file entry-v5.cif (mmCIF, C-alpha atoms)
data_structure
loop_
_atom_site.label_atom_id
_atom_site.label_comp_id
_atom_site.auth_asym_id
_atom_site.auth_seq_id
_atom_site.Cartn_x
_atom_site.Cartn_y
_atom_site.Cartn_z
CA MET A 19 45.23 166.38 -105.01
CA VAL A 20 41.60 166.50 -103.92
CA ARG A 21 40.17 163.30 -102.52
CA ARG A 22 36.83 162.03 -103.75
CA ASP A 23 33.97 160.65 -101.68
CA SER A 24 35.19 157.40 -100.20
CA GLY A 25 33.33 154.18 -100.82
CA SER A 26 34.62 152.44 -97.74
CA ASP A 27 32.29 149.74 -96.46
CA ASP A 28 33.13 150.54 -92.83
CA ARG A 29 30.18 151.88 -90.91
CA THR A 30 30.24 154.27 -88.02
CA PRO A 31 31.22 152.33 -84.89
CA GLY A 32 28.39 151.61 -82.51
CA ALA A 33 29.57 153.87 -79.72
CA PHE A 34 26.08 155.34 -79.55
CA GLY A 35 24.41 151.96 -79.91
CA ALA A 36 23.02 150.55 -83.13
CA PRO A 37 20.54 152.82 -84.91
CA SER A 38 16.91 152.06 -84.25
CA ARG A 39 14.97 149.86 -86.64
CA ARG A 40 12.98 152.88 -87.75
CA ARG A 41 16.16 154.91 -88.33
CA VAL A 42 17.65 152.15 -90.49
CA LEU A 43 14.42 151.93 -92.49
CA ARG A 44 14.43 155.72 -92.87
CA LEU A 45 17.94 155.73 -94.24
CA ALA A 46 17.21 152.85 -96.59
CA GLY A 47 13.77 154.13 -97.56
CA GLY A 48 14.78 155.97 -100.70
CA GLY A 49 15.81 152.71 -102.34
CA LEU A 50 12.62 150.84 -101.54
CA SER A 51 9.35 150.86 -103.39
CA LEU A 52 6.56 153.05 -102.10
CA ALA A 53 4.24 150.08 -101.90
CA ALA A 54 6.59 148.23 -99.57
CA LEU A 55 6.49 151.01 -97.02
CA ALA A 56 3.01 152.45 -97.38
CA VAL A 57 1.19 149.96 -95.12
CA GLY A 58 -0.95 151.15 -92.28
CA THR A 59 -1.43 154.67 -93.58
CA VAL A 60 -4.08 156.78 -91.86
CA GLY A 61 -5.42 159.73 -93.81
CA CYS A 62 -5.82 163.21 -92.40
CA ASP A 63 -9.34 164.11 -91.31
CA GLU A 64 -10.11 167.79 -91.38
CA ASP A 65 -13.26 167.21 -89.36
CA SER A 66 -11.60 165.17 -86.63
CA VAL A 67 -12.26 166.18 -83.05
CA ASP A 68 -9.43 167.93 -81.27
CA VAL A 69 -7.87 165.82 -78.54
CA GLU A 70 -7.49 167.81 -75.37
CA ASP A 71 -6.74 165.45 -72.51
CA PRO A 72 -4.87 167.31 -69.81
CA GLY A 73 -4.09 164.04 -68.06
CA SER A 74 -2.12 162.76 -71.03
CA THR A 75 0.24 165.66 -71.55
CA GLY A 76 2.24 165.89 -68.38
CA GLY A 77 5.61 164.26 -67.83
CA ASP A 78 7.05 163.19 -64.49
CA GLU A 79 7.22 166.72 -63.09
CA PRO A 80 10.88 167.38 -63.92
CA LYS A 81 12.89 169.86 -61.93
CA GLY A 82 12.98 173.47 -63.07
CA GLY A 83 9.32 174.42 -63.41
CA GLY A 84 8.02 177.50 -65.12
CA LYS A 85 4.95 179.31 -66.28
CA GLY A 86 4.21 181.03 -69.52
CA SER A 87 1.56 181.49 -72.14
CA GLY A 88 1.24 181.71 -75.85
CA ASP A 89 -1.52 181.67 -78.43
CA GLY A 90 -4.22 180.73 -75.96
CA GLY A 91 -2.47 177.70 -74.45
CA ASP A 92 -2.02 177.29 -70.71
CA VAL A 93 1.34 176.22 -69.33
CA GLY A 94 0.78 174.23 -66.17
CA GLU A 95 2.20 174.96 -62.74
CA LYS A 96 5.14 173.09 -61.20
CA GLY A 97 6.73 171.94 -64.40
CA GLN A 98 3.59 170.50 -65.98
CA ALA A 99 3.38 170.51 -69.76
CA PRO A 100 1.04 172.95 -71.51
CA LYS A 101 -2.30 171.84 -72.84
CA PRO A 102 -2.15 171.32 -76.62
CA LEU A 103 -3.80 173.98 -78.76
CA TRP A 104 -4.93 171.13 -80.98
CA THR A 105 -4.16 167.47 -81.70
CA LYS A 106 -4.87 165.83 -85.06
CA PRO A 107 -4.32 162.43 -86.67
CA THR A 108 -1.97 162.49 -89.65
CA SER A 109 -0.94 160.30 -92.56
CA ALA A 110 2.64 160.43 -91.26
CA GLU A 111 5.11 157.82 -92.46
CA THR A 112 8.18 158.93 -90.56
CA TYR A 113 11.40 157.11 -89.82
CA GLY A 114 12.91 159.37 -87.19
CA ASP A 115 14.90 161.84 -89.25
CA ASN A 116 14.73 165.56 -88.54
CA ASP A 117 13.54 166.64 -92.00
CA GLU A 118 10.20 164.81 -91.87
CA LEU A 119 8.25 167.57 -90.10
CA VAL A 120 8.31 171.18 -91.35
CA ALA A 121 6.39 174.40 -90.68
CA ALA A 122 6.19 177.21 -93.24
CA GLY A 123 3.64 179.42 -94.95
CA GLY A 124 1.12 179.11 -92.12
CA VAL A 125 0.99 175.31 -92.36
CA VAL A 126 2.68 172.30 -90.77
CA ILE A 127 3.50 169.23 -92.86
CA ALA A 128 4.50 165.73 -91.80
CA SER A 129 6.02 163.32 -94.30
CA GLY A 130 3.43 160.78 -95.43
CA SER A 131 0.99 159.63 -98.08
CA PRO A 132 -1.10 161.55 -98.83
CA LEU A 133 1.09 164.50 -97.96
CA ALA A 134 -1.20 166.80 -95.99
CA ALA A 135 -0.64 170.39 -94.89
CA LEU A 136 -2.50 171.37 -91.72
CA ASP A 137 -3.35 174.93 -90.75
CA ALA A 138 -0.81 175.87 -88.08
CA ALA A 139 -3.38 177.76 -86.01
CA THR A 140 -6.34 175.35 -86.13
CA GLY A 141 -5.09 171.98 -87.36
CA GLY A 142 -7.59 171.97 -90.21
CA GLN A 143 -6.37 170.53 -93.50
CA LYS A 144 -5.35 173.18 -96.05
CA TRP A 145 -4.26 170.94 -98.93
CA SER A 146 -2.94 167.48 -99.73
CA LEU A 147 -0.95 165.70 -102.43
CA PRO A 148 -2.33 162.22 -103.20
CA GLY A 149 1.07 160.79 -104.13
CA GLY A 150 2.62 161.94 -100.90
CA ALA A 151 6.27 162.07 -99.97
CA VAL A 152 8.73 159.45 -101.19
CA PRO A 153 9.78 157.26 -98.24
CA GLY A 154 13.32 158.16 -97.29
CA ALA A 155 13.34 161.53 -99.06
CA PRO A 156 13.33 164.73 -96.99
CA LEU A 157 10.87 167.60 -96.87
CA LEU A 158 13.28 170.32 -97.97
CA LEU A 159 12.41 174.00 -97.47
CA GLY A 160 14.11 176.93 -99.22
CA LYS A 161 13.18 180.12 -101.08
CA ASP A 162 9.58 179.84 -99.81
CA THR A 163 9.38 176.50 -101.61
CA LEU A 164 8.92 172.92 -100.46
CA TYR A 165 11.11 170.61 -102.56
CA LEU A 166 10.12 166.95 -102.93
CA ALA A 167 11.28 163.93 -104.86
CA SER A 168 8.50 162.99 -107.29
CA SER A 169 6.19 160.29 -105.94
CA ASP A 170 5.68 159.16 -109.56
CA TYR A 171 9.29 157.95 -109.55
CA ASP A 172 9.79 159.61 -112.94
CA GLY A 173 13.14 161.19 -112.10
CA SER A 174 11.70 164.61 -111.28
CA VAL A 175 12.27 166.93 -108.35
CA ILE A 176 9.32 169.25 -107.75
CA GLY A 177 8.84 172.51 -105.86
CA TYR A 178 5.54 173.47 -104.20
CA ALA A 179 4.26 176.60 -102.48
CA PRO A 180 3.86 175.52 -98.82
CA ALA A 181 0.79 177.71 -98.22
CA SER A 182 -1.24 176.39 -101.17
CA GLY A 183 0.38 173.13 -102.29
CA LYS A 184 0.58 174.43 -105.88
CA GLU A 185 3.51 173.28 -108.02
CA THR A 186 5.89 176.15 -108.73
CA TRP A 187 9.04 174.46 -110.04
CA ARG A 188 10.17 171.22 -111.62
CA SER A 189 13.47 169.76 -112.77
CA ARG A 190 14.75 166.43 -114.07
CA LEU A 191 18.27 165.06 -114.20
CA GLY A 192 17.59 162.74 -117.11
CA LYS A 193 16.42 159.20 -117.76
CA GLU A 194 19.89 157.79 -117.11
CA TYR A 195 19.41 158.62 -113.41
CA ARG A 196 17.01 157.08 -110.93
CA GLN A 197 15.32 158.34 -107.77
CA PRO A 198 16.86 161.82 -107.43
CA GLN A 199 16.40 163.18 -103.94
CA PRO A 200 16.93 166.79 -102.84
CA ILE A 201 19.41 167.06 -99.96
CA ALA A 202 20.02 170.83 -99.59
CA VAL A 203 18.97 174.18 -101.03
CA ASP A 204 20.30 177.75 -101.07
CA GLU A 205 19.21 180.97 -102.77
CA GLU A 206 20.24 179.80 -106.24
CA GLN A 207 20.42 176.01 -106.38
CA VAL A 208 18.83 172.76 -105.27
CA TYR A 209 21.29 169.95 -104.58
CA VAL A 210 20.28 166.37 -105.32
CA VAL A 211 21.72 162.87 -105.19
CA ALA A 212 20.58 160.16 -107.62
CA GLU A 213 21.49 156.65 -108.71
CA ILE A 214 23.30 156.23 -112.03
CA LEU A 215 21.59 153.50 -114.06
CA GLU A 216 23.54 150.70 -115.74
CA ARG A 217 22.35 149.16 -119.02
CA ASP A 218 20.77 146.24 -117.14
CA GLY A 219 18.80 148.62 -114.89
CA SER A 220 21.04 148.12 -111.88
CA SER A 221 23.02 150.84 -110.15
CA LYS A 222 26.50 150.73 -108.61
CA THR A 223 27.25 154.44 -108.40
CA ASN A 224 25.46 157.69 -107.74
CA VAL A 225 25.75 161.31 -108.74
CA ILE A 226 25.52 164.55 -106.80
CA ALA A 227 24.23 167.51 -108.80
CA ALA A 228 23.13 171.13 -108.53
CA LEU A 229 19.91 172.34 -110.20
CA ASN A 230 19.12 175.99 -110.81
CA SER A 231 16.19 176.85 -108.53
CA THR A 232 14.74 179.27 -111.09
CA THR A 233 15.14 177.49 -114.42
CA GLY A 234 15.56 173.89 -113.26
CA ARG A 235 18.57 173.40 -115.53
CA ILE A 236 21.53 171.28 -114.40
CA VAL A 237 24.36 173.55 -113.22
CA TRP A 238 26.85 170.73 -112.50
CA LYS A 239 26.95 167.05 -111.65
CA GLU A 240 29.73 164.94 -110.18
CA GLN A 241 29.91 161.16 -109.99
CA ARG A 242 30.67 159.78 -106.55
CA ASP A 243 32.83 156.73 -105.93
CA VAL A 244 31.61 153.14 -106.05
CA GLY A 245 30.31 152.17 -102.61
CA THR A 246 29.05 155.60 -101.58
CA GLU A 247 25.42 155.78 -100.55
CA GLN A 248 22.66 157.94 -101.98
CA ASN A 249 20.46 157.32 -98.93
CA GLY A 250 20.88 158.59 -95.39
CA ILE A 251 22.69 161.74 -96.45
CA HIS A 252 22.70 164.76 -94.14
CA ALA A 253 23.61 168.02 -95.89
CA ALA A 254 23.80 171.78 -95.40
CA VAL A 255 24.88 174.78 -97.49
CA ARG A 256 26.82 177.84 -96.33
CA GLY A 257 27.97 180.32 -98.97
CA ARG A 258 30.23 178.55 -101.46
CA HIS A 259 30.28 175.31 -99.48
CA LEU A 260 28.00 172.26 -99.63
CA VAL A 261 28.77 169.95 -96.70
CA TYR A 262 27.34 166.46 -96.31
CA THR A 263 27.91 163.04 -94.81
CA ASP A 264 26.36 159.58 -94.83
CA PHE A 265 26.98 156.26 -93.10
CA LYS A 266 30.42 155.87 -94.71
CA LYS A 267 32.32 157.83 -92.08
CA ASN A 268 33.17 160.69 -94.43
CA LEU A 269 32.55 164.39 -94.00
CA THR A 270 32.72 165.98 -97.46
CA VAL A 271 32.67 169.61 -98.64
CA ARG A 272 32.11 170.69 -102.26
CA ASP A 273 32.23 174.03 -104.02
CA THR A 274 28.66 175.06 -104.80
CA ALA A 275 29.64 176.87 -108.01
CA SER A 276 31.55 174.03 -109.68
CA GLY A 277 30.81 170.87 -107.72
CA ALA A 278 34.53 170.30 -107.17
CA GLN A 279 35.40 168.60 -103.92
CA VAL A 280 37.15 171.01 -101.56
CA TRP A 281 38.08 168.52 -98.85
CA THR A 282 36.95 165.37 -97.08
CA HIS A 283 37.74 163.95 -93.67
CA LYS A 284 37.50 160.43 -92.38
CA THR A 285 35.49 160.67 -89.19
CA ALA A 286 35.81 158.04 -86.52
CA LYS A 287 32.41 158.51 -84.87
CA THR A 288 29.98 160.90 -86.51
CA ASN A 289 26.85 159.88 -84.60
CA TYR A 290 25.42 158.32 -87.75
CA GLY A 291 26.08 161.34 -89.91
CA PHE A 292 24.74 164.19 -87.80
CA PHE A 293 26.52 167.53 -87.73
CA THR A 294 25.64 171.21 -87.60
CA VAL A 295 26.97 174.26 -89.43
CA HIS A 296 27.52 177.74 -88.00
CA GLN A 297 28.79 180.50 -90.29
CA ASP A 298 32.07 179.13 -91.75
CA LEU A 299 32.38 176.15 -89.40
CA VAL A 300 31.05 172.60 -89.49
CA ILE A 301 30.73 171.03 -86.05
CA VAL A 302 30.82 167.25 -85.71
CA PRO A 303 30.35 164.95 -82.68
CA GLN A 304 33.01 162.22 -82.66
CA GLY A 305 32.65 160.05 -79.61
CA ASN A 306 33.64 162.03 -76.53
CA VAL A 307 35.05 164.90 -78.62
CA LEU A 308 33.15 167.66 -80.38
CA GLN A 309 35.19 169.12 -83.25
CA ALA A 310 34.77 172.25 -85.37
CA PHE A 311 36.39 172.46 -88.82
CA ASN A 312 36.78 175.41 -91.18
CA LEU A 313 34.55 174.93 -94.22
CA ALA A 314 37.15 176.54 -96.47
CA ASP A 315 40.05 174.16 -95.80
CA GLY A 316 38.99 171.47 -93.32
CA LYS A 317 41.42 172.62 -90.62
CA GLU A 318 40.33 172.08 -87.02
CA LYS A 319 39.27 175.34 -85.34
CA TRP A 320 38.48 174.00 -81.87
CA SER A 321 37.46 170.90 -79.96
CA LEU A 322 35.63 170.10 -76.73
CA GLU A 323 35.92 166.92 -74.70
CA ALA A 324 33.09 165.45 -72.66
CA SER A 325 33.86 164.38 -69.10
CA ASP A 326 33.90 160.84 -67.70
CA GLY A 327 33.95 159.19 -71.12
CA ALA A 328 30.50 160.47 -72.11
CA LEU A 329 29.71 160.58 -75.83
CA PHE A 330 28.36 163.65 -77.59
CA ARG A 331 25.03 163.30 -79.36
CA GLU A 332 23.34 165.33 -82.13
CA PRO A 333 24.29 169.05 -82.05
CA ALA A 334 22.25 172.09 -83.15
CA ALA A 335 23.44 175.66 -83.79
CA LEU A 336 20.50 177.99 -83.12
CA GLU A 337 20.68 181.79 -82.89
CA ASP A 338 24.47 181.87 -82.45
CA VAL A 339 24.54 179.24 -79.71
CA LEU A 340 25.51 175.59 -80.10
CA TYR A 341 23.40 173.17 -78.05
CA VAL A 342 24.40 169.55 -77.54
CA ALA A 343 23.83 166.82 -74.96
CA ASP A 344 26.05 163.88 -74.11
CA SER A 345 25.29 160.29 -73.17
CA ALA A 346 25.64 161.16 -69.45
CA ARG A 347 22.58 163.42 -70.00
CA THR A 348 24.58 166.59 -69.50
CA MET A 349 23.37 169.51 -71.60
CA TRP A 350 25.93 171.95 -73.05
CA ALA A 351 25.59 175.44 -74.47
CA VAL A 352 28.67 176.55 -76.42
CA GLU A 353 29.72 179.72 -78.23
CA PRO A 354 30.25 178.14 -81.67
CA ARG A 355 32.90 180.50 -83.05
CA ALA A 356 35.50 179.76 -80.38
CA GLY A 357 34.10 176.64 -78.71
CA LYS A 358 33.75 178.42 -75.37
CA GLN A 359 31.39 176.78 -72.91
CA LEU A 360 28.51 179.07 -71.92
CA TRP A 361 26.85 176.69 -69.47
CA LYS A 362 26.48 173.03 -68.54
CA SER A 363 23.35 171.58 -66.99
CA GLU A 364 22.61 168.30 -65.22
CA ALA A 365 18.85 168.94 -65.32
CA LEU A 366 18.13 166.13 -67.79
CA ALA A 367 19.89 163.57 -65.58
CA ASP A 368 18.30 164.96 -62.42
CA ALA A 369 14.83 164.60 -63.94
CA GLY A 370 15.53 161.13 -65.35
CA LEU A 371 14.80 162.28 -68.90
CA GLN A 372 16.11 161.01 -72.21
CA VAL A 373 18.63 162.97 -74.25
CA PRO A 374 17.05 165.03 -77.07
CA ARG A 375 18.12 164.23 -80.61
CA GLN A 376 16.54 167.25 -82.31
CA TYR A 377 16.13 170.87 -81.21
CA VAL A 378 14.20 174.00 -82.17
CA LYS A 379 14.13 177.36 -80.36
CA ALA A 380 11.35 179.85 -79.78
CA GLY A 381 11.90 182.85 -77.55
CA ASP A 382 14.11 181.89 -74.64
CA THR A 383 13.04 178.24 -74.69
CA LEU A 384 14.81 175.33 -76.35
CA TYR A 385 12.53 172.45 -77.34
CA GLY A 386 14.13 169.03 -77.64
CA ALA A 387 12.60 165.88 -79.17
CA THR A 388 13.71 162.48 -77.90
CA ASP A 389 14.04 159.20 -79.73
CA LEU A 390 11.68 156.91 -77.82
CA ASP A 391 8.56 157.33 -75.75
CA LYS A 392 8.88 156.14 -72.14
CA GLN A 393 10.95 158.89 -70.50
CA GLY A 394 10.97 161.33 -73.35
CA GLY A 395 8.76 163.30 -75.66
CA ILE A 396 9.19 167.05 -76.07
CA ILE A 397 11.37 168.65 -73.39
CA ALA A 398 11.21 172.42 -72.85
CA ILE A 399 14.58 173.75 -71.63
CA ASP A 400 15.53 177.24 -70.51
CA ALA A 401 17.96 178.30 -73.25
CA ARG A 402 19.78 180.61 -70.83
CA THR A 403 20.50 178.08 -68.06
CA GLY A 404 19.65 174.56 -69.21
CA ALA A 405 16.93 174.12 -66.57
CA VAL A 406 14.10 171.79 -67.57
CA ARG A 407 10.80 173.68 -67.63
CA TRP A 408 8.41 170.87 -68.57
CA THR A 409 8.00 167.73 -70.67
CA PHE A 410 5.16 166.79 -72.99
CA ASN A 411 4.29 163.14 -73.65
CA ASP A 412 1.07 161.77 -75.14
CA LYS A 413 1.66 158.47 -73.28
CA THR A 414 0.62 156.36 -76.27
CA GLY A 415 3.66 154.10 -76.02
CA ASP A 416 4.19 154.49 -79.76
CA TYR A 417 7.72 153.39 -80.69
CA HIS A 418 8.27 156.15 -83.24
CA ALA A 419 10.77 158.89 -82.52
CA TRP A 420 9.37 162.28 -81.61
CA LEU A 421 9.87 165.09 -84.10
CA VAL A 422 9.60 168.82 -83.40
CA ALA A 423 9.21 171.96 -85.52
CA THR A 424 8.20 175.55 -84.86
CA ASP A 425 6.84 178.57 -86.70
CA GLY A 426 7.82 180.87 -83.83
CA LYS A 427 4.25 181.07 -82.58
CA ARG A 428 3.67 177.39 -81.85
CA VAL A 429 5.71 174.25 -81.34
CA PHE A 430 4.60 171.20 -83.32
CA ALA A 431 5.23 167.75 -81.86
CA LEU A 432 4.79 164.67 -84.03
CA HIS A 433 4.62 161.21 -82.49
CA GLY A 434 3.65 158.33 -84.74
CA LYS A 435 0.44 159.45 -86.42
CA LYS A 436 -0.48 162.15 -83.89
CA LEU A 437 0.45 165.78 -84.43
CA HIS A 438 0.17 168.17 -81.49
CA ALA A 439 0.42 171.98 -81.53
CA LEU A 440 1.80 173.40 -78.28
CA PRO A 441 1.94 177.04 -77.18
CA VAL A 442 5.35 178.68 -76.93
#
call {"tool": "encode", "arguments": {"input": "entry-v5.cif", "output": "structure tokens"}}
result
Amino acid sequence: MVRRDSGSDDRTPGAFGAPSRRRVLRLAGGGLSLAALAVGTVGCDEDSVDVEDPGSTGGDEPKGGGKGSGDGGDVGEKGQAPKPLWTKPTSAETYGDNDELVAAGGVVIASGSPLAALDAATGGQKWSLPGGAVPGAPLLLGKDTLYLASSDYDGSVIGYAPASGKETWRSRLGKEYRQPQPIAVDEEQVYVVAEILERDGSSKTNVIAALNSTTGRIVWKEQRDVGTEQNGIHAAVRGRHLVYTDFKKNLTVRDTASGAQVWTHKTAKTNYGFFTVHQDLVIVPQGNVLQAFNLADGKEKWSLEASDGALFREPAALEDVLYVADSARTMWAVEPRAGKQLWKSEALADAGLQVPRQYVKAGDTLYGATDLDKQGGIIAIDARTGAVRWTFNDKTGDYHAWLVATDGKRVFALHGKKLHALPV
């Protein structure tokens, strides 16, 4: 018998510490009104002056220096951060989740209101949407389309061309559902979660559904159990498997063709819902153990244990390598199919740096974004050895988490309402 999504009220234990105030707001954002969260917005200014202050970009000269160049930017000597290609103010309203900054179609977009797309090369504004992004809903990219929950709160999910901002697709679950939010996309379908409305306008349950990404029609929809959350969901699609989790300590896999639940696992410590997927495996940090499960049947494929009681943090599978750090600030590179360690590095601890919570890769460099400002920012790491090359920090003291994205030519670093483009 297949188990359904559990509605347990237990939350992930605080082994990693309680989530930040901004993270909690981010996860709750989809259920709040736009007006309640849209204070302090700063609009994008296409004519703003580029900020190029070499004194503000360097970190504390971490060990493992390096020199490189890309797109006209100069990487400093002795581990100094590169000079930004450009820096622009944004209308960003971010809450620290990894899907609030995206780069595609020659533009970079940060979640906010208005939702503005900046030219990746120059930082000039290409287009904007007055309604902006719904607080708490992701910027979801797939099939050369940016999928957004409608800022009109009319039950629609809308697709836009990233390069132009023109609407290219629209779908609607129906008026009996509220606040549908896209959570994942593949070549054929967009997957959404929405509240199911009661007659009195309240909601006690939610639905997960698949929408055809060509026609917009509903392919399937499945009601989730009472107590499950429609906010704070992390999701990914691989072949016939949709995998997702939220704060309820459940890792769930559904069949993308029918919506039927394939399996679900109770997870003791899922690092507030973060996981990564590589081919037919889903890899989950659970305290001091990193586990890989087969997507097809949920059976454990391999596990790794951190040393000295350290706790694994957010993982990322990039170009056939799994990267993850632990709470002792040890960086791991792992072959994801078999769980074989490729290297371990103490460079983060040696340099006194924070542990990254998000990663992107360009060339042979891994770029990690940290949660808070003081000893963090964007950390450039040699993907072959784990050596720290440099750190970038704008030294504003802003309490927002850093976010990072790349188009392969540049690395984009968002901190509060400042967006920086760095050379790779």
call {"tool": "atom_distance", "arguments": {"input": "entry-v5.cif", "atom1": "atom CA of Thr282 of chain A", "atom2": "atom CA of Pro303 of chain A"}}
result
15.8 Å
call {"tool": "atom_distance", "arguments": {"input": "entry-v5.cif", "atom1": "atom CA of Ala202 of chain A", "atom2": "atom CA of Asp264 of chain A"}}
result
13.8 Å
call {"tool": "closest_residue", "arguments": {"input": "entry-v5.cif", "among": "A:Gly327, A:Gly357, A:Pro198, A:Gly142", "to": "Ser345 of chain A", "atoms": "only C-alpha atoms"}}
result
A:Gly327
call {"tool": "closest_residue", "arguments": {"input": "entry-v5.cif", "among": "A:Ala275, A:Ala343, A:Leu384, A:Val237", "to": "Leu371 of chain A", "atoms": "only C-alpha atoms"}}
result
A:Ala343
call {"tool": "atom_distance", "arguments": {"input": "entry-v5.cif", "atom1": "atom CA of Arg428 of chain A", "atom2": "atom CA of Pro441 of chain A"}}
result
5.0 Å
call {"tool": "resolve_selection", "arguments": {"input": "entry-v5.cif", "expression": "the PyMOL selection byres ((chain A and resi 338) around 8)", "output": "PDB file with C-alpha atoms, in the frame of the given file"}}
result
ATOM      1  CA  HIS A 296      27.520 177.740 -88.000  1.00  0.00           C
ATOM      2  CA  ALA A 335      23.440 175.660 -83.790  1.00  0.00           C
ATOM      3  CA  LEU A 336      20.500 177.990 -83.120  1.00  0.00           C
ATOM      4  CA  GLU A 337      20.680 181.790 -82.890  1.00  0.00           C
ATOM      5  CA  VAL A 339      24.540 179.240 -79.710  1.00  0.00           C
ATOM      6  CA  LEU A 340      25.510 175.590 -80.100  1.00  0.00           C
ATOM      7  CA  GLU A 353      29.720 179.720 -78.230  1.00  0.00           C
ATOM      8  CA  PRO A 354      30.250 178.140 -81.670  1.00  0.00           C
TER       9      PRO A 354
END
call {"tool": "residues_around", "arguments": {"input": "entry-v5.cif", "residues": "segment 160-172 of chain A", "least_positions_apart": "5", "cutoff": "7 Å", "atoms": "only C-alpha atoms", "output": "list in words"}}
result
Gly149, Gly150, Ala151, Val152, Ala155, Gly177, Tyr178, Ala179, Pro180, Gln197, Pro198, Gln199, Pro200, Val203, Asp204 and Glu205 of chain A
call {"tool": "residues_around", "arguments": {"input": "entry-v5.cif", "residues": "Val255 of chain A", "least_positions_apart": "6", "cutoff": "12 Å", "atoms": "all atoms listed in the file", "output": "ChimeraX atom specification"}}
result
/A:160,201-209,228,261-262,270-275,294-300,313
call {"tool": "closest_residue", "arguments": {"input": "entry-v5.cif", "among": "A:Ala134, A:Leu157, A:Val342, A:Ser276", "to": "Pro107 of chain A", "atoms": "all atoms listed in the file"}}
result
A:Ala134
call {"tool": "closest_residue", "arguments": {"input": "entry-v5.cif", "among": "A:Ala367, A:Ala387, A:Ala380, A:Leu360", "to": "Thr403 of chain A", "atoms": "only C-alpha atoms"}}
result
A:Leu360
call {"tool": "residues_around", "arguments": {"input": "entry-v5.cif", "residues": "Phe430 of chain A", "least_positions_apart": "6", "cutoff": "12 Å", "atoms": "all atoms listed in the file", "output": "PyMOL selection string"}}
result
chain A and resi 102-106+119-122+125-128+136-139+141+377-380+385-387+395-396+410+420-424+436-442
call {"tool": "residues_around", "arguments": {"input": "entry-v5.cif", "residues": "Gln309 of chain A", "least_positions_apart": "6", "cutoff": "9 Å", "atoms": "only C-alpha atoms", "output": "list in words"}}
result
Val300, Ile301, Val302, Pro303, Glu318, Lys319, Trp320, Ser321, Leu322, Glu323 and Gly357 of chain A
call {"tool": "closest_residue", "arguments": {"input": "entry-v5.cif", "among": "A:Gln279, A:Thr112, A:Asn268, A:Ser174", "to": "Gln304 of chain A", "atoms": "all atoms listed in the file"}}
result
A:Asn268
call {"tool": "closest_residue", "arguments": {"input": "entry-v5.cif", "among": "A:Arg217, A:Arg235, A:Arg196, A:Lys267", "to": "Gln248 of chain A", "atoms": "only C-alpha atoms"}}
result
A:Arg196
call {"tool": "residues_near_point", "arguments": {"input": "entry-v5.cif", "point": "(36.3, 161.2, -76.1)", "cutoff": "7 Å", "atoms": "all atoms listed in the file", "output": "list in words"}}
result
Gly305, Asn306, Val307, Glu323, Ala324, Gly327 and Leu329 of chain A
call {"tool": "resolve_selection", "arguments": {"input": "entry-v5.cif", "expression": "the PyMOL selection byres ((chain A and resi 189-195) around 6)", "output": "PDB file with C-alpha atoms, in the coordinates of the input"}}
result
ATOM      1  CA  GLY A 173      13.140 161.190-112.100  1.00  0.00           C
ATOM      2  CA  SER A 174      11.700 164.610-111.280  1.00  0.00           C
ATOM      3  CA  VAL A 175      12.270 166.930-108.350  1.00  0.00           C
ATOM      4  CA  ARG A 188      10.170 171.220-111.620  1.00  0.00           C
ATOM      5  CA  ARG A 196      17.010 157.080-110.930  1.00  0.00           C
ATOM      6  CA  GLU A 213      21.490 156.650-108.710  1.00  0.00           C
ATOM      7  CA  ILE A 214      23.300 156.230-112.030  1.00  0.00           C
ATOM      8  CA  LEU A 215      21.590 153.500-114.060  1.00  0.00           C
ATOM      9  CA  GLY A 234      15.560 173.890-113.260  1.00  0.00           C
TER      10      GLY A 234
END
call {"tool": "residues_around", "arguments": {"input": "entry-v5.cif", "residues": "Ser146 of chain A", "least_positions_apart": "2", "cutoff": "8 Å", "atoms": "all atoms listed in the file", "output": "PDB file with C-alpha atoms, in the frame of the given file"}}
result
ATOM      1  CA  PRO A 132      -1.100 161.550 -98.830  1.00  0.00           C
ATOM      2  CA  LEU A 133       1.090 164.500 -97.960  1.00  0.00           C
ATOM      3  CA  ALA A 134      -1.200 166.800 -95.990  1.00  0.00           C
ATOM      4  CA  ALA A 135      -0.640 170.390 -94.890  1.00  0.00           C
ATOM      5  CA  GLN A 143      -6.370 170.530 -93.500  1.00  0.00           C
ATOM      6  CA  LYS A 144      -5.350 173.180 -96.050  1.00  0.00           C
ATOM      7  CA  PRO A 148      -2.330 162.220-103.200  1.00  0.00           C
ATOM      8  CA  GLY A 150       2.620 161.940-100.900  1.00  0.00           C
ATOM      9  CA  GLY A 183       0.380 173.130-102.290  1.00  0.00           C
TER      10      GLY A 183
END
